[in-house]
Amino acid sequence: MITPEQVQDYIEKGMQCSQVRVLGDGEHFEELIVSEAISGKSRVARHQLVYAALGDRMREETHALSMRTLTPEEAADG
């Protein structure tokens with residue numbers, strides 16, 4: 001079973017982020033990702049970047065994923 005820490009590590013290695021927080025129980029995860037790399041991208045494109053960072057692990061190891069993706073400016077605005 002995959003841990004939230006492993007998911008966080010996969011994301012941090014797969015894309016440049018200023019903040020990543022992952023909570024979960026091994027199958028269901030909630031993520032907060034703050035990255036300049038998502039600036040100017042739609043919500044779908046942002047999520048695709050995260051899915052790319054997770055690679056095959058998304059299909060094989062996680063059952064459900066809820067993510068919040070923000071630029072540093074959006075995160076600062078609260």
# chains A, B, ... in the order shown; residues from 1 in each chain; ligands from 1

$ residues_around --residues "A:Gln16" --least-positions-apart "2" --cutoff "12 Å" --atoms "only C-alpha atoms" --output "MDAnalysis selection string"
chainID A and resid 8:14 18:20 33:38 49:50 53 71:72

$ write_last_selection --atoms "N, CA, C and O atoms" --output "tab-separated table (two decimals), in the first residue's frame"
chain	number	residue	atom	x	y	z
A	8	GLN	N	3.59	12.18	-2.04
A	8	GLN	CA	4.21	13.50	-2.00
A	8	GLN	C	5.59	13.47	-2.64
A	8	GLN	O	5.94	14.35	-3.43
A	9	ASP	N	6.36	12.45	-2.35
A	9	ASP	CA	7.70	12.31	-2.92
A	9	ASP	C	7.64	12.18	-4.45
A	9	ASP	O	8.41	12.81	-5.16
A	10	TYR	N	6.71	11.39	-4.96
A	10	TYR	CA	6.55	11.22	-6.41
A	10	TYR	C	6.24	12.56	-7.07
A	10	TYR	O	6.80	12.90	-8.12
A	11	ILE	N	5.35	13.33	-6.46
A	11	ILE	CA	4.97	14.62	-7.03
A	11	ILE	C	6.16	15.58	-7.00
A	11	ILE	O	6.46	16.24	-7.99
A	12	GLU	N	6.85	15.64	-5.87
A	12	GLU	CA	7.98	16.56	-5.74
A	12	GLU	C	9.11	16.20	-6.71
A	12	GLU	O	9.81	17.09	-7.19
A	13	LYS	N	9.29	14.94	-7.00
A	13	LYS	CA	10.32	14.53	-7.95
A	13	LYS	C	9.88	14.74	-9.40
A	13	LYS	O	10.71	14.90	-10.27
A	14	GLY	N	8.57	14.73	-9.64
A	14	GLY	CA	8.06	14.81	-10.99
A	14	GLY	C	7.74	16.21	-11.48
A	14	GLY	O	7.57	16.43	-12.68
A	18	SER	N	6.48	24.55	-4.89
A	18	SER	CA	6.91	25.29	-3.71
A	18	SER	C	6.25	24.72	-2.46
A	18	SER	O	6.73	24.94	-1.34
A	19	GLN	N	5.16	23.97	-2.65
A	19	GLN	CA	4.50	23.32	-1.51
A	19	GLN	C	3.72	22.11	-2.02
A	19	GLN	O	3.05	22.17	-3.05
A	20	VAL	N	3.83	21.01	-1.29
A	20	VAL	CA	3.03	19.82	-1.56
A	20	VAL	C	2.59	19.27	-0.21
A	20	VAL	O	3.41	19.08	0.69
A	33	ILE	N	-1.21	21.22	-3.95
A	33	ILE	CA	0.02	21.41	-4.71
A	33	ILE	C	0.11	22.87	-5.12
A	33	ILE	O	-0.80	23.40	-5.75
A	34	VAL	N	1.20	23.52	-4.75
A	34	VAL	CA	1.46	24.91	-5.12
A	34	VAL	C	2.69	24.90	-6.02
A	34	VAL	O	3.76	24.44	-5.61
A	35	SER	N	2.51	25.39	-7.25
A	35	SER	CA	3.61	25.33	-8.20
A	35	SER	C	3.49	26.46	-9.22
A	35	SER	O	2.41	26.73	-9.74
A	36	GLU	N	4.61	27.06	-9.53
A	36	GLU	CA	4.67	28.06	-10.59
A	36	GLU	C	4.44	27.41	-11.95
A	36	GLU	O	3.97	28.05	-12.89
A	37	ALA	N	4.74	26.12	-12.07
A	37	ALA	CA	4.62	25.39	-13.33
A	37	ALA	C	3.19	25.34	-13.85
A	37	ALA	O	2.96	25.10	-15.03
A	38	ILE	N	2.21	25.59	-12.99
A	38	ILE	CA	0.82	25.50	-13.42
A	38	ILE	C	0.23	26.86	-13.79
A	38	ILE	O	-0.92	26.93	-14.20
A	49	LEU	N	-0.62	17.59	-15.28
A	49	LEU	CA	0.77	17.68	-14.84
A	49	LEU	C	1.02	16.81	-13.61
A	49	LEU	O	2.04	16.14	-13.50
A	50	VAL	N	0.07	16.83	-12.68
A	50	VAL	CA	0.21	16.02	-11.47
A	50	VAL	C	0.13	14.54	-11.83
A	50	VAL	O	0.93	13.72	-11.36
A	53	ALA	N	3.32	13.39	-13.18
A	53	ALA	CA	4.33	13.21	-12.14
A	53	ALA	C	4.13	11.89	-11.42
A	53	ALA	O	5.10	11.23	-11.03
A	71	THR	N	-1.31	28.26	-8.03
A	71	THR	CA	-0.06	28.98	-8.27
A	71	THR	C	0.36	29.60	-6.94
A	71	THR	O	-0.47	29.74	-6.02
A	72	PRO	N	1.60	30.02	-6.80
A	72	PRO	CA	2.01	30.70	-5.57
A	72	PRO	C	1.15	31.94	-5.28
A	72	PRO	O	0.81	32.21	-4.12

$ residues_around --residues "stretch 62-67 of chain A" --least-positions-apart "5" --cutoff "7 Å" --atoms "only C-alpha atoms" --output "list of chain:residue names"
A:Glu27, A:His28, A:Phe29, A:Glu30, A:Glu31, A:Leu32, A:Arg57

$ select_by_dssp --residues "chain A" --states "strand (DSSP E)" --output "PyMOL selection string"
chain A and resi 19-24+28-34+64-70

$ atom_distance --atom1 "atom CA of A:Pro4" --atom2 "atom CA of A:Leu23"
5.6 Å

$ select_by_dssp --residues "chain A" --states "helix (DSSP H, G or I)" --output "PyMOL selection string"
chain A and resi 4-14+36-38+43-54+57-61+72-77

$ write_last_selection --atoms "N, CA and C atoms" --output "CSV table (one decimal), in the first residue's frame"
chain,number,residue,atom,x,y,z
A,4,PRO,N,0.9,8.4,2.0
A,4,PRO,CA,0.9,9.8,1.6
A,4,PRO,C,2.3,10.4,1.4
A,5,GLU,N,3.2,10.0,2.2
A,5,GLU,CA,4.6,10.5,2.0
A,5,GLU,C,5.2,10.1,0.7
A,6,GLN,N,4.9,8.8,0.2
A,6,GLN,CA,5.4,8.4,-1.1
A,6,GLN,C,4.7,9.2,-2.2
A,7,VAL,N,3.4,9.4,-2.1
A,7,VAL,CA,2.7,10.2,-3.1
A,7,VAL,C,3.4,11.6,-3.2
A,8,GLN,N,3.6,12.2,-2.0
A,8,GLN,CA,4.2,13.5,-2.0
A,8,GLN,C,5.6,13.5,-2.6
A,9,ASP,N,6.4,12.4,-2.3
A,9,ASP,CA,7.7,12.3,-2.9
A,9,ASP,C,7.6,12.2,-4.4
A,10,TYR,N,6.7,11.4,-5.0
A,10,TYR,CA,6.5,11.2,-6.4
A,10,TYR,C,6.2,12.6,-7.1
A,11,ILE,N,5.3,13.3,-6.5
A,11,ILE,CA,5.0,14.6,-7.0
A,11,ILE,C,6.2,15.6,-7.0
A,12,GLU,N,6.8,15.6,-5.9
A,12,GLU,CA,8.0,16.6,-5.7
A,12,GLU,C,9.1,16.2,-6.7
A,13,LYS,N,9.3,14.9,-7.0
A,13,LYS,CA,10.3,14.5,-8.0
A,13,LYS,C,9.9,14.7,-9.4
A,14,GLY,N,8.6,14.7,-9.6
A,14,GLY,CA,8.1,14.8,-11.0
A,14,GLY,C,7.7,16.2,-11.5
A,36,GLU,N,4.6,27.1,-9.5
A,36,GLU,CA,4.7,28.1,-10.6
A,36,GLU,C,4.4,27.4,-12.0
A,37,ALA,N,4.7,26.1,-12.1
A,37,ALA,CA,4.6,25.4,-13.3
A,37,ALA,C,3.2,25.3,-13.9
A,38,ILE,N,2.2,25.6,-13.0
A,38,ILE,CA,0.8,25.5,-13.4
A,38,ILE,C,0.2,26.9,-13.8
A,43,ARG,N,-7.7,24.0,-15.2
A,43,ARG,CA,-7.7,23.0,-14.1
A,43,ARG,C,-7.3,21.6,-14.6
A,44,VAL,N,-7.9,21.3,-15.8
A,44,VAL,CA,-7.6,20.0,-16.4
A,44,VAL,C,-6.1,19.9,-16.7
A,45,ALA,N,-5.5,20.9,-17.3
A,45,ALA,CA,-4.0,20.9,-17.6
A,45,ALA,C,-3.2,20.8,-16.3
A,46,ARG,N,-3.6,21.5,-15.3
A,46,ARG,CA,-2.9,21.4,-14.0
A,46,ARG,C,-2.9,20.0,-13.5
A,47,HIS,N,-4.1,19.3,-13.5
A,47,HIS,CA,-4.3,18.0,-13.0
A,47,HIS,C,-3.5,17.0,-13.9
A,48,GLN,N,-3.4,17.3,-15.2
A,48,GLN,CA,-2.6,16.4,-16.0
A,48,GLN,C,-1.1,16.4,-15.7
A,49,LEU,N,-0.6,17.6,-15.3
A,49,LEU,CA,0.8,17.7,-14.8
A,49,LEU,C,1.0,16.8,-13.6
A,50,VAL,N,0.1,16.8,-12.7
A,50,VAL,CA,0.2,16.0,-11.5
A,50,VAL,C,0.1,14.5,-11.8
A,51,TYR,N,-0.8,14.2,-12.7
A,51,TYR,CA,-1.0,12.8,-13.1
A,51,TYR,C,0.3,12.3,-13.8
A,52,ALA,N,0.9,13.2,-14.6
A,52,ALA,CA,2.2,12.8,-15.3
A,52,ALA,C,3.3,12.6,-14.2
A,53,ALA,N,3.3,13.4,-13.2
A,53,ALA,CA,4.3,13.2,-12.1
A,53,ALA,C,4.1,11.9,-11.4
A,54,LEU,N,2.9,11.5,-11.2
A,54,LEU,CA,2.6,10.2,-10.6
A,54,LEU,C,2.8,9.0,-11.5
A,57,ARG,N,1.7,5.0,-11.3
A,57,ARG,CA,1.2,4.8,-9.9
A,57,ARG,C,-0.2,5.2,-9.7
A,58,MET,N,-0.6,6.2,-10.5
A,58,MET,CA,-2.0,6.7,-10.4
A,58,MET,C,-3.0,5.6,-10.7
A,59,ARG,N,-2.7,4.8,-11.7
A,59,ARG,CA,-3.6,3.7,-12.1
A,59,ARG,C,-3.5,2.5,-11.2
A,60,GLU,N,-2.2,2.2,-10.8
A,60,GLU,CA,-2.0,1.0,-10.1
A,60,GLU,C,-2.1,1.0,-8.6
A,61,GLU,N,-1.8,2.2,-8.0
A,61,GLU,CA,-1.7,2.2,-6.5
A,61,GLU,C,-2.7,3.1,-5.8
A,72,PRO,N,1.6,30.0,-6.8
A,72,PRO,CA,2.0,30.7,-5.6
A,72,PRO,C,1.2,31.9,-5.3
A,73,GLU,N,0.8,32.7,-6.3
A,73,GLU,CA,-0.1,33.9,-6.1
A,73,GLU,C,-1.5,33.5,-5.6
A,74,GLU,N,-2.0,32.4,-6.2
A,74,GLU,CA,-3.4,32.0,-5.7
A,74,GLU,C,-3.3,31.5,-4.3
A,75,ALA,N,-2.2,30.8,-3.9
A,75,ALA,CA,-2.0,30.3,-2.5
A,75,ALA,C,-1.9,31.5,-1.6
A,76,ALA,N,-1.2,32.6,-2.0
A,76,ALA,CA,-1.0,33.7,-1.1
A,76,ALA,C,-2.3,34.5,-0.9
A,77,ASP,N,-3.2,34.5,-1.9
A,77,ASP,CA,-4.5,35.1,-1.8
A,77,ASP,C,-5.5,34.4,-0.9

$ closest_residue --among "A:Thr69, A:Gly78, A:Gly55, A:Thr3" --to "A:Gly40" --atoms "only C-alpha atoms"
A:Thr69
